[in-house]
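Raw start_5.pdb, PDB, C-alpha atoms, pLDDT in the B column:
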```pdb
ATOM      1  CA  MET V 173     -29.544   4.445 -88.429  1.00 70.00           C
ATOM      2  CA  ALA V 174     -28.856   1.356 -90.512  1.00 83.00           C
ATOM      3  CA  LEU V 175     -25.074   1.663 -90.113  1.00 89.00           C
ATOM      4  CA  GLN V 176     -25.362   1.668 -86.335  1.00 90.00           C
ATOM      5  CA  TRP V 177     -27.447  -1.505 -86.491  1.00 92.00           C
ATOM      6  CA  LEU V 178     -25.006  -3.147 -88.918  1.00 89.00           C
ATOM      7  CA  ARG V 179     -22.039  -2.445 -86.671  1.00 91.00           C
ATOM      8  CA  GLN V 180     -23.770  -4.386 -83.884  1.00 92.00           C
ATOM      9  CA  GLN V 181     -24.115  -7.547 -85.973  1.00 94.00           C
ATOM     10  CA  ASP V 182     -21.580 -10.358 -85.580  1.00 94.00           C
ATOM     11  CA  PHE V 183     -21.602 -11.173 -89.304  1.00 95.00           C
ATOM     12  CA  VAL V 184     -20.493  -7.666 -90.352  1.00 93.00           C
ATOM     13  CA  MET V 185     -16.857  -6.772 -91.040  1.00 93.00           C
ATOM     14  CA  LYS V 186     -17.005  -3.525 -89.108  1.00 91.00           C
ATOM     15  CA  ASN V 187     -13.922  -2.039 -90.771  1.00 92.00           C
ATOM     16  CA  LYS V 188     -14.930  -3.036 -94.293  1.00 95.00           C
ATOM     17  CA  ILE V 189     -18.434  -1.795 -95.026  1.00 95.00           C
ATOM     18  CA  LEU V 190     -19.578  -1.113 -98.570  1.00 96.00           C
ATOM     19  CA  LEU V 191     -22.586   1.184 -98.898  1.00 96.00           C
ATOM     20  CA  GLU V 192     -25.082   0.666-101.718  1.00 97.00           C
ATOM     21  CA  GLY V 193     -28.289   2.417-102.610  1.00 97.00           C
ATOM     22  CA  GLN V 194     -30.765   2.493-105.486  1.00 97.00           C
ATOM     23  CA  SER V 195     -32.721   5.505-106.791  1.00 97.00           C
ATOM     24  CA  VAL V 196     -33.329   7.892-103.858  1.00 96.00           C
ATOM     25  CA  GLY V 197     -31.299   5.407-101.815  1.00 97.00           C
ATOM     26  CA  GLY V 198     -28.406   5.824-104.265  1.00 97.00           C
ATOM     27  CA  MET V 199     -28.544   9.585-103.875  1.00 96.00           C
ATOM     28  CA  THR V 200     -28.695   9.168-100.095  1.00 96.00           C
ATOM     29  CA  THR V 201     -25.698   6.843-100.200  1.00 97.00           C
ATOM     30  CA  VAL V 202     -23.683   9.467-102.089  1.00 97.00           C
ATOM     31  CA  HIS V 203     -24.406  12.016 -99.386  1.00 96.00           C
ATOM     32  CA  LEU V 204     -23.813   9.666 -96.473  1.00 95.00           C
ATOM     33  CA  ALA V 205     -20.427   8.726 -97.914  1.00 96.00           C
ATOM     34  CA  GLY V 206     -19.452  12.393 -97.779  1.00 94.00           C
ATOM     35  CA  GLN V 207     -19.527  12.093 -94.002  1.00 95.00           C
ATOM     36  CA  THR V 208     -16.854   9.352 -94.206  1.00 93.00           C
ATOM     37  CA  PRO V 209     -18.621   7.005 -91.791  1.00 95.00           C
ATOM     38  CA  LYS V 210     -16.348   4.834 -89.685  1.00 93.00           C
ATOM     39  CA  GLY V 211     -15.580   1.497 -91.317  1.00 94.00           C
ATOM     40  CA  VAL V 212     -17.011   2.420 -94.733  1.00 96.00           C
ATOM     41  CA  VAL V 213     -14.513   1.756 -97.530  1.00 97.00           C
ATOM     42  CA  GLY V 214     -16.585   2.694-100.577  1.00 98.00           C
ATOM     43  CA  PHE V 215     -20.036   2.971-102.064  1.00 98.00           C
ATOM     44  CA  ILE V 216     -22.133   2.055-105.089  1.00 98.00           C
ATOM     45  CA  ASN V 217     -24.838   4.309-106.470  1.00 98.00           C
ATOM     46  CA  PHE V 218     -27.410   2.419-108.549  1.00 98.00           C
ATOM     47  CA  ALA V 219     -29.503   4.877-110.601  1.00 97.00           C
ATOM     48  CA  GLY V 220     -29.379   7.484-107.840  1.00 97.00           C
ATOM     49  CA  GLY V 221     -31.514  10.592-108.049  1.00 95.00           C
ATOM     50  CA  THR V 222     -34.877  12.061-107.211  1.00 93.00           C
ATOM     51  CA  ALA V 223     -37.760  13.989-108.764  1.00 89.00           C
ATOM     52  CA  GLY V 224     -38.310  11.537-111.591  1.00 88.00           C
ATOM     53  CA  TYR V 225     -41.777  11.457-113.106  1.00 85.00           C
ATOM     54  CA  PRO V 226     -41.645   8.969-115.977  1.00 86.00           C
ATOM     55  CA  SER V 227     -45.363   9.020-116.741  1.00 85.00           C
ATOM     56  CA  GLN V 228     -45.291  12.788-117.364  1.00 84.00           C
ATOM     57  CA  ARG V 229     -41.637  13.470-118.229  1.00 83.00           C
ATOM     58  CA  PRO V 230     -40.035  10.182-119.273  1.00 82.00           C
ATOM     59  CA  GLY V 231     -36.255  10.295-119.133  1.00 83.00           C
ATOM     60  CA  HIS V 232     -36.064  13.686-117.406  1.00 81.00           C
ATOM     61  CA  SER V 233     -35.689  14.522-113.738  1.00 83.00           C
ATOM     62  CA  CYS V 234     -37.818  17.456-112.675  1.00 84.00           C
ATOM     63  CA  ALA V 235     -34.837  18.803-110.706  1.00 88.00           C
ATOM     64  CA  THR V 236     -31.827  18.213-112.960  1.00 90.00           C
ATOM     65  CA  ASP V 237     -30.000  21.435-112.112  1.00 93.00           C
ATOM     66  CA  GLN V 238     -30.727  21.237-108.392  1.00 94.00           C
ATOM     67  CA  LEU V 239     -29.418  17.680-108.276  1.00 94.00           C
ATOM     68  CA  ARG V 240     -26.318  18.600-110.242  1.00 96.00           C
ATOM     69  CA  GLU V 241     -25.558  21.204-107.571  1.00 96.00           C
ATOM     70  CA  LEU V 242     -26.361  18.755-104.772  1.00 95.00           C
ATOM     71  CA  TYR V 243     -24.002  16.174-106.263  1.00 97.00           C
ATOM     72  CA  ARG V 244     -21.313  18.812-106.825  1.00 97.00           C
ATOM     73  CA  LYS V 245     -21.405  19.715-103.130  1.00 96.00           C
ATOM     74  CA  ALA V 246     -21.350  16.046-102.126  1.00 97.00           C
ATOM     75  CA  GLY V 247     -18.331  15.471-104.355  1.00 97.00           C
ATOM     76  CA  GLN V 248     -16.404  18.156-102.527  1.00 97.00           C
ATOM     77  CA  LYS V 249     -16.711  16.175 -99.276  1.00 96.00           C
ATOM     78  CA  THR V 250     -16.404  12.601-100.525  1.00 96.00           C
ATOM     79  CA  ARG V 251     -13.059  10.820-100.478  1.00 95.00           C
ATOM     80  CA  LEU V 252     -14.258   7.216-100.583  1.00 97.00           C
ATOM     81  CA  PRO V 253     -13.940   5.192-103.805  1.00 98.00           C
ATOM     82  CA  ASN V 254     -17.277   4.914-105.550  1.00 98.00           C
ATOM     83  CA  LEU V 255     -19.055   3.378-108.506  1.00 98.00           C
ATOM     84  CA  TRP V 256     -22.086   4.894-110.223  1.00 98.00           C
ATOM     85  CA  LEU V 257     -24.238   2.539-112.312  1.00 98.00           C
ATOM     86  CA  TYR V 258     -27.011   3.751-114.630  1.00 98.00           C
ATOM     87  CA  ALA V 259     -28.735   2.170-117.638  1.00 98.00           C
ATOM     88  CA  GLU V 260     -29.214   3.937-120.989  1.00 96.00           C
ATOM     89  CA  ASN V 261     -32.958   3.417-120.859  1.00 97.00           C
ATOM     90  CA  ASP V 262     -33.637   4.775-117.368  1.00 97.00           C
ATOM     91  CA  TYR V 263     -37.177   6.181-117.637  1.00 96.00           C
ATOM     92  CA  TYR V 264     -36.591   8.450-114.625  1.00 96.00           C
ATOM     93  CA  TRP V 265     -33.345  10.213-115.568  1.00 94.00           C
ATOM     94  CA  GLY V 266     -32.686   9.385-119.193  1.00 94.00           C
ATOM     95  CA  GLU V 267     -29.280   8.777-120.740  1.00 94.00           C
ATOM     96  CA  LYS V 268     -27.586  12.185-120.415  1.00 95.00           C
ATOM     97  CA  THR V 269     -28.573  13.569-117.013  1.00 95.00           C
ATOM     98  CA  PRO V 270     -26.776  10.962-114.852  1.00 97.00           C
ATOM     99  CA  ARG V 271     -23.521  11.771-116.673  1.00 97.00           C
ATOM    100  CA  LEU V 272     -23.954  15.451-115.819  1.00 96.00           C
ATOM    101  CA  TRP V 273     -24.600  14.583-112.185  1.00 97.00           C
ATOM    102  CA  HIS V 274     -21.535  12.384-112.015  1.00 98.00           C
ATOM    103  CA  GLN V 275     -19.320  14.937-113.739  1.00 97.00           C
ATOM    104  CA  ALA V 276     -20.324  17.541-111.151  1.00 97.00           C
ATOM    105  CA  PHE V 277     -19.656  15.063-108.332  1.00 98.00           C
ATOM    106  CA  ALA V 278     -16.336  13.817-109.723  1.00 98.00           C
ATOM    107  CA  LYS V 279     -14.835  17.322-109.807  1.00 96.00           C
ATOM    108  CA  GLY V 280     -14.473  16.926-106.038  1.00 94.00           C
ATOM    109  CA  GLY V 281     -11.621  14.504-106.594  1.00 92.00           C
ATOM    110  CA  SER V 282     -12.667  11.161-105.126  1.00 92.00           C
ATOM    111  CA  LYS V 283     -11.819   7.962-106.965  1.00 95.00           C
ATOM    112  CA  SER V 284     -15.103   7.728-108.829  1.00 98.00           C
ATOM    113  CA  LYS V 285     -16.188   5.672-111.795  1.00 98.00           C
ATOM    114  CA  PHE V 286     -19.329   6.138-113.861  1.00 98.00           C
ATOM    115  CA  VAL V 287     -20.691   3.208-115.853  1.00 98.00           C
ATOM    116  CA  GLN V 288     -23.632   3.564-118.162  1.00 98.00           C
ATOM    117  CA  THR V 289     -24.768   0.142-119.191  1.00 98.00           C
ATOM    118  CA  GLY V 290     -26.722  -0.746-122.261  1.00 97.00           C
ATOM    119  CA  PRO V 291     -30.483  -0.804-121.956  1.00 98.00           C
ATOM    120  CA  VAL V 292     -32.126  -3.175-119.514  1.00 98.00           C
ATOM    121  CA  PRO V 293     -33.998  -5.583-121.806  1.00 97.00           C
ATOM    122  CA  ASN V 294     -37.784  -5.397-121.711  1.00 96.00           C
ATOM    123  CA  ALA V 295     -37.808  -3.114-118.670  1.00 96.00           C
ATOM    124  CA  ASP V 296     -37.249   0.393-117.408  1.00 96.00           C
ATOM    125  CA  GLY V 297     -33.507   0.871-116.963  1.00 96.00           C
ATOM    126  CA  HIS V 298     -34.248   2.343-113.540  1.00 97.00           C
ATOM    127  CA  THR V 299     -34.647  -1.278-112.431  1.00 97.00           C
ATOM    128  CA  LEU V 300     -31.025  -1.998-113.394  1.00 98.00           C
ATOM    129  CA  ILE V 301     -30.137  -3.348-109.952  1.00 97.00           C
ATOM    130  CA  TYR V 302     -32.946  -5.924-110.137  1.00 96.00           C
ATOM    131  CA  ARG V 303     -33.235  -6.787-113.816  1.00 97.00           C
ATOM    132  CA  GLY V 304     -29.882  -5.915-115.311  1.00 97.00           C
ATOM    133  CA  GLN V 305     -27.359  -7.943-113.296  1.00 97.00           C
ATOM    134  CA  ASP V 306     -25.615  -9.139-116.443  1.00 97.00           C
ATOM    135  CA  LEU V 307     -25.041  -5.497-117.390  1.00 98.00           C
ATOM    136  CA  TRP V 308     -23.439  -4.351-114.135  1.00 98.00           C
ATOM    137  CA  TYR V 309     -21.851  -7.525-112.777  1.00 98.00           C
ATOM    138  CA  GLY V 310     -18.411  -7.000-114.398  1.00 98.00           C
ATOM    139  CA  PRO V 311     -17.891  -3.390-113.217  1.00 98.00           C
ATOM    140  CA  PHE V 312     -19.212  -4.374-109.789  1.00 98.00           C
ATOM    141  CA  VAL V 313     -16.732  -7.240-109.440  1.00 98.00           C
ATOM    142  CA  ASP V 314     -13.875  -5.006-110.586  1.00 98.00           C
ATOM    143  CA  PHE V 315     -14.855  -2.391-108.013  1.00 98.00           C
ATOM    144  CA  VAL V 316     -15.157  -4.704-105.014  1.00 97.00           C
ATOM    145  CA  THR V 317     -11.991  -6.561-106.035  1.00 97.00           C
ATOM    146  CA  ALA V 318     -10.096  -3.263-106.026  1.00 97.00           C
ATOM    147  CA  LEU V 319     -11.382  -2.731-102.470  1.00 96.00           C
ATOM    148  CA  ASN V 320      -9.920  -6.140-101.488  1.00 93.00           C
ATOM    149  CA  PHE V 321     -13.214  -7.833-100.642  1.00 86.00           C
TER     150      PHE V 321
END
```

Any chance you could give the structure as structure tokens?
Amino acid sequence: MALQWLRQQDFVMKNKILLEGQSVGGMTTVHLAGQTPKGVVGFINFAGGTAGYPSQRPGHSCATDQLRELYRKAGQKTRLPNLWLYAENDYYWGEKTPRLWHQAFAKGGSKSKFVQTGPVPNADGHTLIYRGQDLWYGPFVDFVTALNF
């Protein structure tokens, strides 16, 4: 596992690890954080989800309800601070669905913040992590500062 490898590296602060994932990796990060891995102090979910099919169903996951339930269950186990970042113009999930997913997750009680940025200019908002740094940089800095990085 990637965390095991990281913990073996000299450059890693083993008691201050911040998880981050994008798309399916964001969803995976949410679930991994529910296991409260040793040394992990928080996580960031960039546009996390699955079952997007923008060419056939732009802006709509094919599994919205299933993912809402999956996130609800993850939220019941997660205690780590977390930040969820999604763009308005995400061609995979759309504008409303990520809010529903986060609301279901947040009912579990962890210190969680959802940020929906404006649209990523001239691109699919699903690429927020790569093309929308100006949109998420402020909330990101606030989050990591609160974790004392």

(message) Let me make sure I understand: among V:Tyr302, V:Phe183, V:Phe312, V:Tyr243, which one has the smallest atom-to-atom distance to Leu255 in chain V if we use all atoms listed in the file?
(response) V:Phe312

(message) Show me, as a list of chain:residue names, the residues that have an atom within 12 Å of Leu175 in chain V when counting only C-alpha atoms, minus same-chain residues fewer than 2 positions from it.
(response) V:Met173, V:Trp177, V:Leu178, V:Arg179, V:Gln180, V:Gln181, V:Val184, V:Met185, V:Lys186, V:Asn187, V:Lys188, V:Ile189, V:Leu190, V:Leu191, V:Glu192, V:Thr201, V:Leu204, V:Ala205, V:Thr208, V:Pro209, V:Lys210, V:Gly211, V:Val212

(request) Would you mind telling me which residue in V:Ala235, V:Ala276, V:Ala246, V:Ala295 lies nearest to Glu260 in chain V when using only C-alpha atoms? (result) V:Ala295

(request) Give me the result of the PyMOL selection byres ((chain V and resi 249) around 10) on this file, residue by residue, as a PyMOL selection string. (result) chain V and resi 203+205-208+244-248+250-252+277+280-282

Step by step, gather every atom of range 186-205 of chain V that the file lists, find the box along x, y and z that holds them, add 4 Å on each side, and finally give centre and edge lengths in Å to one decimal, as AutoDock Vina command-line options.
```
--center_x -23.6 --center_y 4.2 --center_z -97.9 --size_x 27.4 --size_y 23.5 --size_z 25.7
```

(message) Between CA of Thr317 in chain V and CA of Lys283 in chain V, what distance in Å does the model show, to one decimal?
(response) 14.6 Å

Run the PyMOL selection byres ((chain V and resi 304) around 10) against the file shown and list the residues it catches, as a PDB file with C-alpha atoms, in the coordinates of the input.
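So the final result, stored in part.pdb, reads:
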```pdb
ATOM      1  CA  ALA V 259     -28.735   2.170-117.638  1.00 98.00           C
ATOM      2  CA  THR V 289     -24.768   0.142-119.191  1.00 98.00           C
ATOM      3  CA  GLY V 290     -26.722  -0.746-122.261  1.00 97.00           C
ATOM      4  CA  PRO V 291     -30.483  -0.804-121.956  1.00 98.00           C
ATOM      5  CA  VAL V 292     -32.126  -3.175-119.514  1.00 98.00           C
ATOM      6  CA  PRO V 293     -33.998  -5.583-121.806  1.00 97.00           C
ATOM      7  CA  ALA V 295     -37.808  -3.114-118.670  1.00 96.00           C
ATOM      8  CA  ASP V 296     -37.249   0.393-117.408  1.00 96.00           C
ATOM      9  CA  GLY V 297     -33.507   0.871-116.963  1.00 96.00           C
ATOM     10  CA  HIS V 298     -34.248   2.343-113.540  1.00 97.00           C
ATOM     11  CA  THR V 299     -34.647  -1.278-112.431  1.00 97.00           C
ATOM     12  CA  LEU V 300     -31.025  -1.998-113.394  1.00 98.00           C
ATOM     13  CA  ILE V 301     -30.137  -3.348-109.952  1.00 97.00           C
ATOM     14  CA  TYR V 302     -32.946  -5.924-110.137  1.00 96.00           C
ATOM     15  CA  ARG V 303     -33.235  -6.787-113.816  1.00 97.00           C
ATOM     16  CA  GLN V 305     -27.359  -7.943-113.296  1.00 97.00           C
ATOM     17  CA  ASP V 306     -25.615  -9.139-116.443  1.00 97.00           C
ATOM     18  CA  LEU V 307     -25.041  -5.497-117.390  1.00 98.00           C
ATOM     19  CA  TRP V 308     -23.439  -4.351-114.135  1.00 98.00           C
ATOM     20  CA  TYR V 309     -21.851  -7.525-112.777  1.00 98.00           C
TER      21      TYR V 309
END
```

(message) Would you pick out the contacts of Ala219 in chain V at 7 Å or less, using all atoms listed in the file, so that residues sharing its chain but fewer than 5 positions from it are not included, and give the list as a ChimeraX atom specification?
(response) /V:194-195,198,257-258,298

(message) Just the number, please: distance in Å from CA of Arg271 in chain V to CA of Pro230 in chain V, one decimal.
(response)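 CA of Arg271 in chain V sits 16.8 Å away from CA of Pro230 in chain V.
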
(request) For the structure provided, state which residues fall under the PyMOL selection byres ((chain V and resi 222) around 7), and present them as a list in words. (result) Ser195, Val196, Gly221, Ala223 and Gly224 of chain V

Got time to write the residues from that selection, C-alpha atoms, as a PDB file, keeping the file's coordinate frame?
```
ATOM      1  CA  SER V 195     -32.721   5.505-106.791  1.00 97.00           C
ATOM      2  CA  VAL V 196     -33.329   7.892-103.858  1.00 96.00           C
ATOM      3  CA  GLY V 221     -31.514  10.592-108.049  1.00 95.00           C
ATOM      4  CA  ALA V 223     -37.760  13.989-108.764  1.00 89.00           C
ATOM      5  CA  GLY V 224     -38.310  11.537-111.591  1.00 88.00           C
TER       6      GLY V 224
END
```

(message) Just the number, please: distance in Å from CA of Val313 in chain V to CA of Gln275 in chain V, one decimal.
(response)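 We find that CA of Val313 in chain V and CA of Gln275 in chain V lie 22.7 Å from each other.
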
(request) Counting all atoms listed in the file, select every polymer residue within 10 Å of (-12.6, -3.4, -103.4) as defined in the file's coordinates, and provide the selection as a PyMOL selection string. (result) chain V and resi 188+190+213-215+253-254+312-321
